[in-house]
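Chemist: Can you read through this structure? Questions will come right after.
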Amino acid sequence: MSNVQKQIEEIEAEMARTQKNKATNYHLGTLKAKLAKLRSELLNGPGGKSAGSKDAGRGFDVTKSGDTRIGLVGFPSVGKSTLLTTLTGTRSEAAAYEFTTLTCIPGTMKYKGARIQVLDLPGIIEGAAEGKGRGRQVISTARTCNLILIVLDAGKPLTHKKIIEAELFSFGIRINQVPPNIKIVKKEAGGIGYQEMTPQTKLQGMNPEVCRMVLKEFKISCAEVILREDITVDQFIDVIEGNRAYIPVLYVFNKIDSITIEELDILDQMPNYVPISSRDKWNMDELMEEIWNKCNMLRIYTKPKGQIPDYDEPVILHSAKNPTVEEFCNRIHKSLISSFSHAWVWGRSAKHQPQRVGKDHELMDEDVVQIVKKAG
């Protein structure tokens with residue numbers, strides 16, 4: 001493994017020396033493809049996951065429960081355990097020394113009727129993606145979350161944020177991104193077919209030569225490539241690898257009680273951030289509302305025939321756009337849609353109260369739905 005690490009360092013040094021312009025685009029693309037392959041080998045072993053060490057890529061054994069799962073990731077002693085206790089009431093040992101938490105501590109918080117599982121993960125250090133300080137286990141568990149909270153100490157430098165982002169990136173987690181709109185279809189023969197549906201304008205972007213070179217590095221000689229958006233070489237490599245996790249992230253700046261108003265104003269310019277003090281329970285309402293919005297959660301209430309709606313236990317759906325009645329049925333039980341006749345809907349999505357709808361009707365937050373099954 002040390003030989004692979006040395007090769008990675010050499011390629012990174014060469015990339016740092018190379019000027020970034022259209023003339024060097026081909027060369028940089030080659031280096032990036034080689035770098036991606038070497039990083040995969042470092043994480044999973046030369047022959048893939050089975051060839052790695054026994055715990056390679058394995059996270060902590062924590063049963064998934066509730067409607068969604070969020071993970072607390074950060075350096076040691078930034079207040080993750082105190083935050084877990086404040087959010088969920090679960091006792092996680094907190095102390096003034098580093099590495100107090102040595103395993104994954106789960107807890108559950110209730111918000112707007114949803115049960116949200118919160119995982120307090122051990123503190124990570126630089127080099128975590130290569131396995132230092134149980135870092136690989138921590139990041140493997142973070143990959144299973146619907147949302148990652150990167151907990152940072154407001155009184156410490158912002159370089160910690162960059163280090164954590166780099167470790168998550170190395171392990172295949174793409175934060176606050178969506179999968180690029182690219183289609184790659186492998187063929188038996190015919191060489192490489194390249195189509196651009198959108199002009200490629202980015203500095204380290206794509207062109208036919210870079211595409212063929214990257215595919216050659218991954219031993220793909222026959223394929224049809226269709227680019228439906230303006231992308232970078234890195235995004236193209238991510239699609240070829242096919243094992244990336246696209247997870248939303250919130251930056252939680254803890255211990256704001258220890259900084260000045262001027263320093264807080266500087267932090268306020270950062271996107272996707274929430275300032276809190278978990279010890280003094282400051283700004284917890286905004287944090288929980290941001291968690292709700294980032295997870296794209298909607299509440300749909302069920303109404304049995306002839307009874308009042310169940311407002312205590314809503315069905316929680318995750319969707320960036322409005323979910324359909326069919327998705328609502330599948331969330332309750334997979335077999336329900338086969339006997340579905342129609343539904344009655346009350347709420348903002350209904351044109352009148354109630355409205356008879358089919359399975360393709362789009363629901364909105366806090367709608368009330370009554371499912372009617374087929375006769376017989």
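Ordering of the structure tokens sets the chain letters (A, B, ...), residue numbers begin anew at 1 in every chain, and ligands are numbered from 1 in the order given.
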Show which residues sit within 10 Å of A:Glu327, as a count of residues only. Count only C-alpha atoms, and ignore same-chain residues fewer than 2 positions away.
Modeler: 17
Chemist: Residues of stretch 262-374 of chain A that approach stretch 166-178 of chain A to 12 Å or less, counting only C-alpha atoms: could you list each one with the shortest pair of atoms and its distance in Å to one decimal, rows by chain and increasing residue number, as JSON lines?
Modeler:
```
{"residue": "A:Pro271", "atom": "CA", "partner": "A:Asn176", "partner_atom": "CA", "distance": 10.7}
{"residue": "A:Asn272", "atom": "CA", "partner": "A:Asn176", "partner_atom": "CA", "distance": 9.0}
{"residue": "A:Lys294", "atom": "CA", "partner": "A:Asn176", "partner_atom": "CA", "distance": 9.7}
{"residue": "A:Cys295", "atom": "CA", "partner": "A:Asn176", "partner_atom": "CA", "distance": 11.5}
{"residue": "A:Ala320", "atom": "CA", "partner": "A:Val178", "partner_atom": "CA", "distance": 11.3}
```
Chemist: Tell me, as JSON, numbers by chain, which residues lie within 12 Å of A:Leu264, counting only C-alpha atoms; anything in the same chain fewer than 6 positions away does not count.
Modeler: {"A": [154, 155, 253, 254, 255, 256, 257, 258, 270, 273, 274, 275, 276]}
Chemist: Among the residues of stretch 102-203 of chain A, find those DSSP assigns to strand (DSSP E) from the backbone and print them as a VMD selection string.
Modeler: chain A and resid 105 to 111 114 to 120 147 to 153 173 to 175 182 to 186 192 to 196
Chemist: List the spatial neighbours of A:Pro309 as a ChimeraX atom specification - criterion: any atom at most 12 Å away, only C-alpha atoms, same-chain residues fewer than 2 positions off excluded.
Modeler: /A:300-307,311-315,345-347,366-370
Chemist: Please produce a file of those selected residues containing C-alpha atoms, as a compact mmCIF listing (two decimals), in the first residue's frame.
Modeler:
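This is the output file selection.txt:
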```txt
# COMPACT_ATOMS: atom_id res chain seq x y z
CA ILE A 300 -48.72 13.17 4.64
CA TYR A 301 -51.53 12.26 7.07
CA THR A 302 -53.62 9.12 6.62
CA LYS A 303 -57.41 9.08 7.00
CA PRO A 304 -59.24 5.75 7.49
CA LYS A 305 -62.79 5.74 6.06
CA GLY A 306 -65.32 7.27 8.45
CA GLN A 307 -62.62 8.38 10.94
CA TYR A 311 -52.25 13.76 12.90
CA ASP A 312 -49.93 12.09 15.47
CA GLU A 313 -48.14 9.66 13.12
CA PRO A 314 -47.69 11.19 9.64
CA VAL A 315 -46.17 9.21 6.76
CA VAL A 345 -57.14 14.14 -0.93
CA TRP A 346 -57.64 17.13 1.36
CA GLY A 347 -55.03 19.89 1.52
CA GLU A 366 -49.50 18.18 5.29
CA ASP A 367 -52.02 16.78 2.80
CA VAL A 368 -54.57 14.27 4.14
CA VAL A 369 -55.04 11.11 2.02
CA GLN A 370 -57.69 8.39 2.12
```
Chemist: Tell me, as a PyMOL selection string, which residues lie within 8 Å of A:Phe75, counting only C-alpha atoms; anything in the same chain fewer than 6 positions away does not count.
Modeler: chain A and resi 123-125+151-152+160
Chemist: Could those selected residues go to a file with all heavy atoms, as a PDB file, in the first residue's frame?
Modeler:
```
ATOM      1  N   GLY A 123     -14.520  11.197  16.462  1.00  0.00           N
ATOM      2  CA  GLY A 123     -13.808  12.278  15.782  1.00  0.00           C
ATOM      3  C   GLY A 123     -12.858  11.737  14.736  1.00  0.00           C
ATOM      4  O   GLY A 123     -12.216  10.710  14.940  1.00  0.00           O
ATOM      5  N   ILE A 124     -12.797  12.423  13.566  1.00  0.00           N
ATOM      6  CA  ILE A 124     -11.869  11.981  12.523  1.00  0.00           C
ATOM      7  C   ILE A 124     -10.665  12.915  12.490  1.00  0.00           C
ATOM      8  O   ILE A 124     -10.715  14.043  12.974  1.00  0.00           O
ATOM      9  CB  ILE A 124     -12.539  11.896  11.136  1.00  0.00           C
ATOM     10  CG1 ILE A 124     -12.970  13.285  10.630  1.00  0.00           C
ATOM     11  CG2 ILE A 124     -13.695  10.951  11.138  1.00  0.00           C
ATOM     12  CD1 ILE A 124     -13.439  13.285   9.184  1.00  0.00           C
ATOM     13  N   ILE A 125      -9.579  12.420  11.917  1.00  0.00           N
ATOM     14  CA  ILE A 125      -8.341  13.189  11.818  1.00  0.00           C
ATOM     15  C   ILE A 125      -7.885  13.200  10.363  1.00  0.00           C
ATOM     16  O   ILE A 125      -8.438  12.470   9.537  1.00  0.00           O
ATOM     17  CB  ILE A 125      -7.226  12.590  12.724  1.00  0.00           C
ATOM     18  CG1 ILE A 125      -6.993  11.110  12.380  1.00  0.00           C
ATOM     19  CG2 ILE A 125      -7.553  12.778  14.188  1.00  0.00           C
ATOM     20  CD1 ILE A 125      -5.816  10.476  13.098  1.00  0.00           C
ATOM     21  N   VAL A 151     -19.662  19.107  12.072  1.00  0.00           N
ATOM     22  CA  VAL A 151     -19.639  19.939  13.280  1.00  0.00           C
ATOM     23  C   VAL A 151     -18.250  20.551  13.417  1.00  0.00           C
ATOM     24  O   VAL A 151     -17.240  19.833  13.437  1.00  0.00           O
ATOM     25  CB  VAL A 151     -20.003  19.110  14.535  1.00  0.00           C
ATOM     26  CG1 VAL A 151     -20.105  20.021  15.763  1.00  0.00           C
ATOM     27  CG2 VAL A 151     -21.311  18.362  14.329  1.00  0.00           C
ATOM     28  N   LEU A 152     -18.191  21.881  13.490  1.00  0.00           N
ATOM     29  CA  LEU A 152     -16.916  22.612  13.575  1.00  0.00           C
ATOM     30  C   LEU A 152     -16.913  23.496  14.812  1.00  0.00           C
ATOM     31  O   LEU A 152     -17.962  23.984  15.244  1.00  0.00           O
ATOM     32  CB  LEU A 152     -16.718  23.474  12.329  1.00  0.00           C
ATOM     33  CG  LEU A 152     -16.673  22.730  10.990  1.00  0.00           C
ATOM     34  CD1 LEU A 152     -16.977  23.669   9.844  1.00  0.00           C
ATOM     35  CD2 LEU A 152     -15.327  22.063  10.778  1.00  0.00           C
ATOM     36  N   HIS A 160     -10.010  23.360   9.205  1.00  0.00           N
ATOM     37  CA  HIS A 160     -10.622  22.088   9.616  1.00  0.00           C
ATOM     38  C   HIS A 160     -11.728  21.696   8.640  1.00  0.00           C
ATOM     39  O   HIS A 160     -11.886  20.517   8.314  1.00  0.00           O
ATOM     40  CB  HIS A 160     -11.196  22.213  11.039  1.00  0.00           C
ATOM     41  CG  HIS A 160     -10.129  22.242  12.096  1.00  0.00           C
ATOM     42  ND1 HIS A 160     -10.415  22.186  13.437  1.00  0.00           N
ATOM     43  CD2 HIS A 160      -8.778  22.316  12.001  1.00  0.00           C
ATOM     44  CE1 HIS A 160      -9.286  22.236  14.124  1.00  0.00           C
ATOM     45  NE2 HIS A 160      -8.284  22.317  13.274  1.00  0.00           N
TER      46      HIS A 160
END
```
Chemist: Would you kindly return, as a list of chain:residue names, each protein, DNA or RNA residue with an atom no farther than 12 Å from any atom of A:Glu289, considering only C-alpha atoms and excluding same-chain residues fewer than 3 positions away?
Modeler: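 Listed by chain and then number, they are A:Lys110, A:Tyr111, A:Lys112, A:Leu250, A:Val274, A:Asn283, A:Met284, A:Asp285, A:Glu286, A:Trp292, A:Asn293, A:Lys294, A:Cys295, A:Asn296, A:Met297.
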